[in-house]
>>> print(open('structure_20.cif').read())   # mmCIF, C-alpha atoms
data_target
loop_
_atom_site.label_atom_id
_atom_site.label_comp_id
_atom_site.auth_asym_id
_atom_site.auth_seq_id
_atom_site.Cartn_x
_atom_site.Cartn_y
_atom_site.Cartn_z
CA MET A 268 30.52 16.33 45.21
CA ARG A 269 31.92 19.36 47.04
CA ALA A 270 31.24 22.79 45.53
CA ASP A 271 34.81 23.29 44.27
CA ALA A 272 34.96 19.77 42.86
CA ARG A 273 31.66 20.42 41.09
CA ARG A 274 33.04 23.66 39.63
CA ASN A 275 36.09 21.82 38.30
CA TYR A 276 33.89 19.08 36.88
CA ASP A 277 31.66 21.58 35.07
CA ARG A 278 34.62 23.54 33.73
CA LEU A 279 36.26 20.35 32.46
CA LEU A 280 33.07 19.33 30.67
CA ALA A 281 32.70 22.72 29.02
CA GLU A 282 36.33 22.83 27.86
CA ALA A 283 36.20 19.22 26.68
CA ALA A 284 33.06 19.90 24.62
CA ALA A 285 34.77 22.88 22.97
CA ALA A 286 38.01 21.00 22.33
CA PHE A 287 36.24 17.94 20.88
CA ALA A 288 34.22 20.15 18.54
CA GLU A 289 37.34 22.04 17.44
CA ARG A 290 39.87 19.24 17.09
CA GLY A 291 37.86 16.04 17.08
CA SER A 292 37.25 13.74 20.01
CA ASP A 293 40.21 11.47 19.29
CA GLU A 294 42.74 14.24 18.70
CA ALA A 295 41.97 16.87 21.34
CA SER A 296 44.68 16.91 23.98
CA LEU A 297 43.54 16.04 27.50
CA GLU A 298 46.41 18.09 28.93
CA GLU A 299 45.17 21.14 27.06
CA ILE A 300 41.60 20.56 28.26
CA ALA A 301 42.85 20.46 31.87
CA ARG A 302 44.94 23.57 31.30
CA ARG A 303 42.04 25.50 29.77
CA ALA A 304 39.79 24.41 32.65
CA ASP A 305 42.48 25.70 35.01
CA VAL A 306 42.93 22.37 36.82
CA GLY A 307 45.78 19.85 36.97
CA ILE A 308 45.77 16.75 34.75
CA GLY A 309 45.39 14.65 37.93
CA THR A 310 42.05 16.32 38.63
CA LEU A 311 40.91 15.55 35.11
CA TYR A 312 41.80 11.85 35.51
CA ARG A 313 40.14 11.70 38.95
CA HIS A 314 36.83 12.78 37.38
CA PHE A 315 37.29 11.02 34.03
CA PRO A 316 39.67 8.05 34.27
CA THR A 317 39.69 7.50 30.48
CA ARG A 318 39.05 9.49 27.30
CA PRO A 319 35.85 7.49 26.58
CA ALA A 320 34.60 8.35 30.10
CA LEU A 321 35.08 12.04 29.31
CA LEU A 322 33.37 11.66 25.93
CA GLU A 323 30.39 9.96 27.50
CA ALA A 324 30.11 12.62 30.21
CA VAL A 325 30.14 15.42 27.60
CA TYR A 326 27.46 13.64 25.59
CA ARG A 327 25.30 12.95 28.66
CA ASP A 328 25.63 16.59 29.71
CA GLN A 329 24.42 17.81 26.32
CA VAL A 330 21.50 15.39 26.26
CA ASP A 331 20.54 16.66 29.75
CA ALA A 332 20.75 20.27 28.58
CA LEU A 333 18.55 19.46 25.59
CA ALA A 334 16.00 17.72 27.81
CA THR A 335 15.90 20.74 30.14
CA LEU A 336 15.41 23.06 27.17
CA ALA A 337 12.63 20.79 25.87
CA GLU A 338 10.72 21.23 29.13
CA GLN A 339 11.14 25.00 29.15
CA LEU A 340 10.08 25.37 25.52
CA GLY A 341 7.02 23.19 26.04
CA ALA A 342 5.71 25.84 28.40
CA ALA A 343 6.91 28.88 26.44
CA ASP A 344 4.51 31.67 25.45
CA GLU A 345 5.31 31.77 21.74
CA PRO A 346 4.92 28.31 20.17
CA GLY A 347 6.47 29.45 16.87
CA SER A 348 9.52 30.93 18.44
CA ALA A 349 9.80 27.91 20.79
CA LEU A 350 9.84 25.58 17.78
CA ALA A 351 12.49 27.71 16.05
CA GLN A 352 14.68 27.68 19.18
CA TRP A 353 14.31 23.93 19.46
CA MET A 354 15.33 23.46 15.82
CA ALA A 355 18.45 25.56 16.44
CA ALA A 356 19.31 23.54 19.55
CA VAL A 357 18.83 20.22 17.76
CA THR A 358 21.08 21.39 14.93
CA ALA A 359 23.81 22.53 17.34
CA PHE A 360 23.51 19.28 19.26
CA GLY A 361 23.83 17.39 15.99
CA SER A 362 27.18 18.99 15.18
CA THR A 363 28.57 18.19 18.60
CA LYS A 364 27.19 14.71 18.48
CA ARG A 365 28.87 14.17 15.14
CA SER A 366 32.21 15.17 16.64
CA LEU A 367 31.72 12.62 19.42
CA SER A 368 29.88 9.88 17.67
CA ALA A 369 32.40 7.53 16.17
CA SER A 370 34.28 7.07 19.43
CA LEU A 371 31.12 7.05 21.52
CA LEU A 372 29.49 4.41 19.36
CA GLU A 373 32.46 2.18 19.98
CA THR A 374 32.31 2.73 23.72
CA LEU A 375 28.59 2.62 24.29
CA GLY A 376 27.49 0.32 21.51
CA LYS A 377 24.92 1.33 18.96
CA ASP A 378 21.85 0.35 20.96
CA SER A 379 22.89 1.82 24.27
CA GLU A 380 20.16 3.08 26.54
CA LEU A 381 21.59 6.59 26.33
CA PHE A 382 21.32 6.74 22.53
CA SER A 383 17.82 5.36 22.44
CA MET A 384 16.69 7.64 25.28
CA CYS A 385 18.07 10.56 23.31
CA SER A 386 16.29 9.61 20.05
CA THR A 387 13.03 9.13 21.88
CA MET A 388 13.37 12.53 23.52
CA LEU A 389 14.21 14.23 20.21
CA ARG A 390 11.24 12.65 18.47
CA ALA A 391 8.76 13.31 21.26
CA THR A 392 9.82 16.94 21.76
CA THR A 393 9.94 17.81 18.07
CA THR A 394 6.46 16.36 17.59
CA ALA A 395 5.05 18.11 20.69
CA LEU A 396 6.51 21.53 19.84
CA LEU A 397 5.44 21.25 16.20
CA GLU A 398 1.90 20.28 17.20
CA ARG A 399 1.71 23.18 19.63
CA ALA A 400 2.79 25.57 16.88
CA GLN A 401 0.30 23.98 14.46
CA GLN A 402 -2.53 24.37 16.99
CA ALA A 403 -1.56 28.03 17.40
CA GLY A 404 -1.80 28.37 13.60
CA VAL A 405 1.84 29.40 13.15
CA ALA A 406 3.23 26.20 11.57
CA ARG A 407 2.19 24.29 8.44
CA ALA A 408 -0.45 21.72 9.21
CA ASP A 409 0.62 19.27 6.48
CA VAL A 410 3.93 18.07 7.97
CA ASP A 411 4.67 15.96 11.04
CA GLY A 412 7.43 15.73 13.60
CA GLN A 413 9.22 12.92 11.80
CA ASP A 414 9.32 14.92 8.54
CA LEU A 415 10.85 17.84 10.38
CA LEU A 416 13.36 15.85 12.43
CA ARG A 417 14.48 14.00 9.33
CA LEU A 418 15.04 17.25 7.49
CA LEU A 419 17.10 18.61 10.39
CA HIS A 420 19.03 15.36 10.39
CA GLY A 421 19.74 15.89 6.69
CA LEU A 422 20.88 19.43 7.38
CA MET A 423 23.37 18.10 9.94
CA LEU A 424 24.61 15.38 7.59
CA ALA A 425 25.18 17.93 4.84
CA CYS A 426 26.66 20.56 7.16
CA PRO A 427 30.12 21.66 6.28
CA THR A 428 32.56 20.90 9.10
CA ALA A 429 35.20 23.38 7.99
CA PRO A 430 35.93 26.17 10.47
CA GLY A 431 34.05 29.33 9.54
CA SER A 432 31.07 27.43 8.17
CA ALA A 433 28.81 28.40 11.08
CA ASP A 434 27.26 31.15 8.94
CA GLN A 435 26.26 28.70 6.22
CA ILE A 436 24.73 26.33 8.76
CA GLU A 437 22.73 29.23 10.13
CA ARG A 438 21.45 30.17 6.67
CA MET A 439 20.48 26.55 5.95
CA LEU A 440 18.69 26.32 9.28
CA SER A 441 16.87 29.59 8.68
CA MET A 442 15.47 28.17 5.42
CA VAL A 443 14.10 25.14 7.24
CA VAL A 444 12.63 27.34 9.99
CA ALA A 445 10.99 29.57 7.38
CA GLY A 446 9.78 26.43 5.61
CA VAL A 447 7.87 25.07 8.58
CA LEU A 448 6.60 28.27 10.22
CA THR A 449 3.84 30.17 8.49
CA GLU A 450 4.74 33.45 10.19
CA PRO A 451 8.19 34.96 10.66
CA VAL A 452 9.56 34.55 14.18
CA PRO A 453 10.09 37.88 15.97
CA ALA A 454 13.87 38.37 16.21
CA MET B 32 20.97 3.85 -34.74
CA ARG B 33 17.87 2.72 -36.63
CA ALA B 34 14.53 3.93 -35.33
CA ASP B 35 13.51 0.55 -33.89
CA ALA B 36 16.94 0.07 -32.27
CA ARG B 37 16.61 3.53 -30.75
CA ARG B 38 13.16 2.66 -29.39
CA ASN B 39 14.56 -0.52 -27.79
CA TYR B 40 17.49 1.42 -26.35
CA ASP B 41 15.22 4.04 -24.81
CA ARG B 42 12.83 1.43 -23.41
CA LEU B 43 15.74 -0.50 -21.89
CA LEU B 44 17.08 2.66 -20.23
CA ALA B 45 13.68 3.53 -18.78
CA GLU B 46 13.08 0.01 -17.43
CA ALA B 47 16.63 -0.20 -16.08
CA ALA B 48 16.25 3.10 -14.22
CA ALA B 49 13.01 1.88 -12.66
CA ALA B 50 14.43 -1.53 -11.74
CA PHE B 51 17.63 -0.05 -10.23
CA ALA B 52 15.59 2.36 -8.13
CA GLU B 53 13.28 -0.43 -6.95
CA ARG B 54 15.74 -3.25 -6.32
CA GLY B 55 19.17 -1.64 -6.24
CA SER B 56 21.63 -1.52 -9.09
CA ASP B 57 23.48 -4.68 -8.07
CA GLU B 58 20.40 -6.82 -7.48
CA ALA B 59 18.01 -5.88 -10.29
CA SER B 60 17.75 -8.73 -12.77
CA LEU B 61 18.91 -7.91 -16.31
CA GLU B 62 16.59 -10.62 -17.65
CA GLU B 63 13.64 -8.89 -16.02
CA ILE B 64 14.70 -5.50 -17.41
CA ALA B 65 14.81 -6.97 -20.91
CA ARG B 66 11.42 -8.64 -20.39
CA ARG B 67 9.81 -5.45 -19.13
CA ALA B 68 11.28 -3.52 -22.08
CA ASP B 69 9.79 -6.18 -24.33
CA VAL B 70 13.12 -7.16 -25.95
CA GLY B 71 15.27 -10.27 -25.80
CA ILE B 72 18.23 -10.49 -23.43
CA GLY B 73 20.51 -10.57 -26.53
CA THR B 74 19.29 -7.11 -27.49
CA LEU B 75 20.06 -5.84 -23.99
CA TYR B 76 23.63 -7.20 -24.17
CA ARG B 77 24.13 -5.80 -27.68
CA HIS B 78 23.40 -2.28 -26.38
CA PHE B 79 24.94 -2.76 -22.93
CA PRO B 80 27.61 -5.45 -22.87
CA THR B 81 27.97 -5.31 -19.06
CA ARG B 82 25.95 -4.25 -16.03
CA PRO B 83 28.30 -1.29 -15.41
CA ALA B 84 27.76 -0.15 -19.01
CA LEU B 85 24.00 -0.14 -18.39
CA LEU B 86 24.44 1.73 -15.09
CA GLU B 87 26.57 4.37 -16.75
CA ALA B 88 24.09 4.81 -19.59
CA VAL B 89 21.21 5.27 -17.14
CA TYR B 90 23.20 7.84 -15.18
CA ARG B 91 24.28 9.72 -18.32
CA ASP B 92 20.70 9.76 -19.55
CA GLN B 93 19.50 11.32 -16.29
CA VAL B 94 22.25 13.93 -16.29
CA ASP B 95 21.26 14.81 -19.88
CA ALA B 96 17.62 15.13 -18.88
CA LEU B 97 18.55 17.38 -15.98
CA ALA B 98 20.70 19.58 -18.25
CA THR B 99 17.83 19.90 -20.73
CA LEU B 100 15.45 20.84 -17.92
CA ALA B 101 17.98 23.40 -16.65
CA GLU B 102 17.93 25.15 -20.02
CA GLN B 103 14.15 25.18 -20.22
CA LEU B 104 13.75 26.52 -16.68
CA GLY B 105 16.33 29.24 -17.25
CA ALA B 106 13.96 30.73 -19.81
CA ALA B 107 10.70 30.02 -17.96
CA ASP B 108 8.19 32.79 -17.26
CA GLU B 109 7.82 32.23 -13.52
CA PRO B 110 11.22 32.29 -11.78
CA GLY B 111 9.75 31.09 -8.47
CA SER B 112 7.97 28.15 -9.96
CA ALA B 113 11.04 27.38 -12.12
CA LEU B 114 13.21 27.22 -9.00
CA ALA B 115 10.69 24.96 -7.25
CA GLN B 116 10.58 22.61 -10.26
CA TRP B 117 14.36 22.51 -10.34
CA MET B 118 14.52 21.63 -6.65
CA ALA B 119 12.08 18.77 -7.22
CA ALA B 120 14.12 17.49 -10.17
CA VAL B 121 17.40 17.66 -8.22
CA THR B 122 15.82 15.73 -5.36
CA ALA B 123 14.47 13.04 -7.67
CA PHE B 124 17.82 12.83 -9.43
CA GLY B 125 19.50 12.46 -6.04
CA SER B 126 17.46 9.40 -5.15
CA THR B 127 18.23 7.71 -8.44
CA LYS B 128 21.85 8.67 -8.20
CA ARG B 129 22.02 7.13 -4.76
CA SER B 130 20.69 3.86 -6.09
CA LEU B 131 23.39 3.87 -8.77
CA SER B 132 26.27 5.45 -6.95
CA ALA B 133 28.22 2.75 -5.22
CA SER B 134 28.61 0.64 -8.35
CA LEU B 135 29.10 3.64 -10.61
CA LEU B 136 31.83 5.07 -8.40
CA GLU B 137 33.70 1.81 -8.76
CA THR B 138 33.33 1.81 -12.51
CA LEU B 139 33.92 5.45 -13.29
CA GLY B 140 36.21 6.46 -10.45
CA LYS B 141 35.44 9.24 -8.09
CA ASP B 142 36.87 12.06 -10.18
CA SER B 143 35.43 11.03 -13.49
CA GLU B 144 34.62 13.76 -15.96
CA LEU B 145 30.96 12.77 -15.87
CA PHE B 146 30.67 13.28 -12.11
CA SER B 147 32.46 16.59 -12.11
CA MET B 148 30.48 17.83 -15.13
CA CYS B 149 27.31 16.91 -13.26
CA SER B 150 28.32 18.75 -10.05
CA THR B 151 29.29 21.83 -12.02
CA MET B 152 25.95 21.81 -13.82
CA LEU B 153 24.02 21.37 -10.55
CA ARG B 154 25.87 24.23 -8.89
CA ALA B 155 25.65 26.61 -11.84
CA THR B 156 21.96 25.96 -12.49
CA THR B 157 20.91 26.16 -8.84
CA THR B 158 22.75 29.47 -8.47
CA ALA B 159 21.34 30.89 -11.71
CA LEU B 160 17.72 29.90 -10.99
CA LEU B 161 17.95 31.15 -7.39
CA GLU B 162 19.41 34.48 -8.53
CA ARG B 163 16.67 34.88 -11.12
CA ALA B 164 14.04 34.25 -8.44
CA GLN B 165 15.80 36.68 -6.09
CA GLN B 166 15.88 39.37 -8.78
CA ALA B 167 12.17 38.82 -9.34
CA GLY B 168 11.67 39.32 -5.59
CA VAL B 169 10.17 35.86 -5.00
CA ALA B 170 13.10 34.20 -3.17
CA ARG B 171 15.00 35.16 0.01
CA ALA B 172 17.90 37.43 -0.76
CA ASP B 173 20.06 36.21 2.14
CA VAL B 174 20.90 32.71 0.91
CA ASP B 175 23.04 31.56 -2.00
CA GLY B 176 23.06 28.65 -4.41
CA GLN B 177 25.53 26.65 -2.35
CA ASP B 178 23.37 26.95 0.79
CA LEU B 179 20.38 25.70 -1.13
CA LEU B 180 22.15 22.87 -2.94
CA ARG B 181 23.69 21.70 0.31
CA LEU B 182 20.31 21.66 1.99
CA LEU B 183 18.86 19.61 -0.88
CA HIS B 184 21.84 17.30 -0.61
CA GLY B 185 21.04 16.87 3.09
CA LEU B 186 17.43 16.13 2.25
CA MET B 187 18.56 13.37 -0.09
CA LEU B 188 20.98 11.94 2.48
CA ALA B 189 18.25 11.83 5.09
CA CYS B 190 15.57 10.54 2.71
CA PRO B 191 14.02 7.29 3.71
CA THR B 192 14.59 4.65 1.06
CA ALA B 193 11.75 2.38 2.16
CA PRO B 194 9.00 1.84 -0.42
CA GLY B 195 6.07 4.16 0.21
CA SER B 196 8.26 6.96 1.54
CA ALA B 197 7.72 9.15 -1.52
CA ASP B 198 5.09 11.13 0.39
CA GLN B 199 7.51 11.98 3.17
CA ILE B 200 10.18 13.06 0.69
CA GLU B 201 7.60 15.32 -0.94
CA ARG B 202 6.68 16.91 2.40
CA MET B 203 10.35 17.47 3.28
CA LEU B 204 10.96 19.03 -0.11
CA SER B 205 7.91 21.25 0.21
CA MET B 206 9.32 22.65 3.46
CA VAL B 207 12.59 23.54 1.75
CA VAL B 208 10.73 25.11 -1.19
CA ALA B 209 8.59 27.16 1.21
CA GLY B 210 11.78 28.06 3.09
CA VAL B 211 13.49 29.62 0.10
CA LEU B 212 10.56 31.18 -1.78
CA THR B 213 8.93 34.26 -0.29
CA GLU B 214 5.67 33.67 -2.13
CA PRO B 215 3.77 30.40 -2.49
CA VAL B 216 4.17 28.80 -5.91
CA PRO B 217 0.90 28.56 -7.86
CA ALA B 218 -0.05 24.86 -7.95
#
>>> encode(input="structure_20.cif", output="structure tokens")
Amino acid sequence: MRADARRNYDRLLAEAAAAFAERGSDEASLEEIARRADVGIGTLYRHFPTRPALLEAVYRDQVDALATLAEQLGAADEPGSALAQWMAAVTAFGSTKRSLSASLLETLGKDSELFSMCSTMLRATTTALLERAQQAGVARADVDGQDLLRLLHGLMLACPTAPGSADQIERMLSMVVAGVLTEPVPA
Amino acid sequence: MRADARRNYDRLLAEAAAAFAERGSDEASLEEIARRADVGIGTLYRHFPTRPALLEAVYRDQVDALATLAEQLGAADEPGSALAQWMAAVTAFGSTKRSLSASLLETLGKDSELFSMCSTMLRATTTALLERAQQAGVARADVDGQDLLRLLHGLMLACPTAPGSADQIERMLSMVVAGVLTEPVPA
């Protein structure tokens, strides 16, 4: 892809992610996404011929970003703070995923490679980062990665979707972070 | 109700609650419930003419028990430990409620007085016990009752229902308890 095409592609993905989260993945207007990305609707359709193609690209992009973050955090200096950052990223990913999921499930099918790759990555990273924090003595030793991931999953399921509820989600997340770490994370 | 009728009624409720939780409220055998309560099936039908009547009685009984516990805990000496006990009771209630809910919703209707009374009681008690613990300086001051109840609700939604998962539920709950209390609860 040429550099300017790549820029358009990236801008379209970013605007689509925002629009899907705000208005829902079935309702968000593709024209408005193109307008906000400062490209013509023809450019949008050249990159993403259908709405499901755009949905899938947004989802893939976020899974990639999460995988990149997982690698960085695995090598971070502060295992407690790395775990807390990961928990925040998983929670944010969960809200986006929820805004995409119904339509994506239809398109990709429930057992698609992408979904199962994503679950495997979430499980493996959560377990690895928790174990690192446990070995450093900054996380409770009596819980495992599945316990923690399940609790985050619950948090996402119970999350309010109303606009303006970001503060409540943050407070709920901060309880879970405080519940797994044995020392406060430096702000 | 005569004393022996009352005893039968109470035994039937207890066995029904256990059977519904184990096998689901649509599948559990009424004959087996009667047998385990050590009464004839005629006695069961005299108290509970239909399966929905039995479901509703079990649910009402658990709401009553929760309301009684709420009163006791509101006057307990240790506000932190009272809050932790309440969180455990709400979580246990949630699992039972989930095993009853689908059928009960059909019978009672979504906006029944019983359901809304129960939600009001859960909200009011969670807020009151959290505020008491906050005033005693043993719970985080930056969360409110709705944050906490929503997080417990999430825990219940994400809870595994497979037999033998009680340990995992306990570990998830203990993270939430540790996340809201600022001092460990004496065991």
>>> interface_residues(input="structure_20.cif", of="chain A", to="chain B", cutoff="12 Å", atoms="all atoms listed in the file", output="PyMOL selection string")
chain A and resi 406-427+432-451
>>> residues_around(input="structure_20.cif", residues="B:Thr156", least_positions_apart="6", cutoff="12 Å", atoms="only C-alpha atoms", output="list in words")
Leu97, Ala98, Thr99, Leu100, Ala101, Glu102, Gln103, Leu104, Gly105, Ala106, Ala113, Leu114, Trp117, Met118, Ala120, Val121, Cys149, Ser150, Glu162, Arg163, Asp175, Gly176, Gln177, Leu179 and Leu180 of chain B
>>> residues_around(input="structure_20.cif", residues="B:Phe146", least_positions_apart="2", cutoff="12 Å", atoms="only C-alpha atoms", output="list in words")
Glu87, Tyr90, Arg91, Val94, Lys128, Ser132, Leu135, Leu136, Thr138, Leu139, Gly140, Lys141, Asp142, Ser143, Glu144, Met148, Cys149, Ser150, Thr151, Met152 and Leu153 of chain B
>>> write_last_selection(input="structure_20.cif", atoms="C-alpha atoms", output="PDB file, in the frame of the given file")
ATOM      1  CA  GLU B  87      26.570   4.370 -16.750  1.00  0.00           C
ATOM      2  CA  TYR B  90      23.200   7.840 -15.180  1.00  0.00           C
ATOM      3  CA  ARG B  91      24.280   9.720 -18.320  1.00  0.00           C
ATOM      4  CA  VAL B  94      22.250  13.930 -16.290  1.00  0.00           C
ATOM      5  CA  LYS B 128      21.850   8.670  -8.200  1.00  0.00           C
ATOM      6  CA  SER B 132      26.270   5.450  -6.950  1.00  0.00           C
ATOM      7  CA  LEU B 135      29.100   3.640 -10.610  1.00  0.00           C
ATOM      8  CA  LEU B 136      31.830   5.070  -8.400  1.00  0.00           C
ATOM      9  CA  THR B 138      33.330   1.810 -12.510  1.00  0.00           C
ATOM     10  CA  LEU B 139      33.920   5.450 -13.290  1.00  0.00           C
ATOM     11  CA  GLY B 140      36.210   6.460 -10.450  1.00  0.00           C
ATOM     12  CA  LYS B 141      35.440   9.240  -8.090  1.00  0.00           C
ATOM     13  CA  ASP B 142      36.870  12.060 -10.180  1.00  0.00           C
ATOM     14  CA  SER B 143      35.430  11.030 -13.490  1.00  0.00           C
ATOM     15  CA  GLU B 144      34.620  13.760 -15.960  1.00  0.00           C
ATOM     16  CA  MET B 148      30.480  17.830 -15.130  1.00  0.00           C
ATOM     17  CA  CYS B 149      27.310  16.910 -13.260  1.00  0.00           C
ATOM     18  CA  SER B 150      28.320  18.750 -10.050  1.00  0.00           C
ATOM     19  CA  THR B 151      29.290  21.830 -12.020  1.00  0.00           C
ATOM     20  CA  MET B 152      25.950  21.810 -13.820  1.00  0.00           C
ATOM     21  CA  LEU B 153      24.020  21.370 -10.550  1.00  0.00           C
TER      22      LEU B 153
END
>>> axis_aligned_box(input="structure_20.cif", around="stretch 315-320 of chain A", padding_each_side="4 Å", output="AutoDock Vina command-line options")
--center_x 37.1 --center_y 9.3 --center_z 30.4 --size_x 13.1 --size_y 11.5 --size_z 15.7
>>> resolve_selection(input="structure_20.cif", expression="the PyMOL selection byres ((chain A and resi 310-317) around 10)", output="VMD selection string")
chain A and resid 272 to 273 275 to 276 279 to 280 297 to 298 300 to 302 304 306 to 309 318 to 324
>>> atom_distance(input="structure_20.cif", atom1="atom CA of A:Glu373", atom2="atom CA of A:Phe287")
16.2 Å
>>> atom_distance(input="structure_20.cif", atom1="atom CA of B:Ala123", atom2="atom CA of B:Ala49")
12.3 Å
>>> decode(input="structure_20.cif", residues="stretch 433-446 of chain A", atoms="N, CA, C and O atoms", output="JSON list (two decimals), in the first residue's frame")
[["chain", "number", "residue", "atom", "x", "y", "z"],
["A", 433, "ALA", "N", -18.28, 6.04, 31.55],
["A", 433, "ALA", "CA", -16.86, 5.68, 31.58],
["A", 433, "ALA", "C", -16.29, 5.78, 32.99],
["A", 433, "ALA", "O", -15.45, 4.96, 33.39],
["A", 434, "ASP", "N", -16.75, 6.77, 33.76],
["A", 434, "ASP", "CA", -16.25, 6.94, 35.13],
["A", 434, "ASP", "C", -16.59, 5.73, 35.99],
["A", 434, "ASP", "O", -15.78, 5.27, 36.79],
["A", 435, "GLN", "N", -17.82, 5.23, 35.83],
["A", 435, "GLN", "CA", -18.21, 4.07, 36.65],
["A", 435, "GLN", "C", -17.39, 2.84, 36.26],
["A", 435, "GLN", "O", -16.95, 2.10, 37.13],
["A", 436, "ILE", "N", -17.16, 2.66, 34.97],
["A", 436, "ILE", "CA", -16.36, 1.52, 34.53],
["A", 436, "ILE", "C", -14.96, 1.62, 35.13],
["A", 436, "ILE", "O", -14.40, 0.64, 35.62],
["A", 437, "GLU", "N", -14.43, 2.83, 35.16],
["A", 437, "GLU", "CA", -13.10, 3.02, 35.73],
["A", 437, "GLU", "C", -13.08, 2.68, 37.23],
["A", 437, "GLU", "O", -12.14, 2.06, 37.72],
["A", 438, "ARG", "N", -14.12, 3.08, 37.94],
["A", 438, "ARG", "CA", -14.16, 2.77, 39.38],
["A", 438, "ARG", "C", -14.28, 1.26, 39.61],
["A", 438, "ARG", "O", -13.65, 0.69, 40.50],
["A", 439, "MET", "N", -15.11, 0.59, 38.77],
["A", 439, "MET", "CA", -15.25, -0.86, 38.91],
["A", 439, "MET", "C", -13.91, -1.55, 38.62],
["A", 439, "MET", "O", -13.49, -2.45, 39.35],
["A", 440, "LEU", "N", -13.26, -1.09, 37.56],
["A", 440, "LEU", "CA", -11.96, -1.68, 37.22],
["A", 440, "LEU", "C", -10.95, -1.45, 38.33],
["A", 440, "LEU", "O", -10.18, -2.35, 38.68],
["A", 441, "SER", "N", -10.98, -0.26, 38.93],
["A", 441, "SER", "CA", -9.98, 0.03, 39.96],
["A", 441, "SER", "C", -10.19, -0.86, 41.19],
["A", 441, "SER", "O", -9.24, -1.18, 41.90],
["A", 442, "MET", "N", -11.44, -1.28, 41.43],
["A", 442, "MET", "CA", -11.66, -2.24, 42.53],
["A", 442, "MET", "C", -11.02, -3.58, 42.21],
["A", 442, "MET", "O", -10.40, -4.21, 43.06],
["A", 443, "VAL", "N", -11.18, -4.03, 40.96],
["A", 443, "VAL", "CA", -10.62, -5.33, 40.60],
["A", 443, "VAL", "C", -9.08, -5.27, 40.63],
["A", 443, "VAL", "O", -8.42, -6.19, 41.12],
["A", 444, "VAL", "N", -8.52, -4.15, 40.16],
["A", 444, "VAL", "CA", -7.06, -4.00, 40.20],
["A", 444, "VAL", "C", -6.58, -4.04, 41.66],
["A", 444, "VAL", "O", -5.64, -4.77, 42.00],
["A", 445, "ALA", "N", -7.27, -3.29, 42.52],
["A", 445, "ALA", "CA", -6.88, -3.28, 43.93],
["A", 445, "ALA", "C", -7.10, -4.65, 44.56],
["A", 445, "ALA", "O", -6.43, -5.02, 45.54],
["A", 446, "GLY", "N", -8.03, -5.42, 44.01],
["A", 446, "GLY", "CA", -8.32, -6.74, 44.56],
["A", 446, "GLY", "C", -7.29, -7.78, 44.21],
["A", 446, "GLY", "O", -7.15, -8.78, 44.91]]
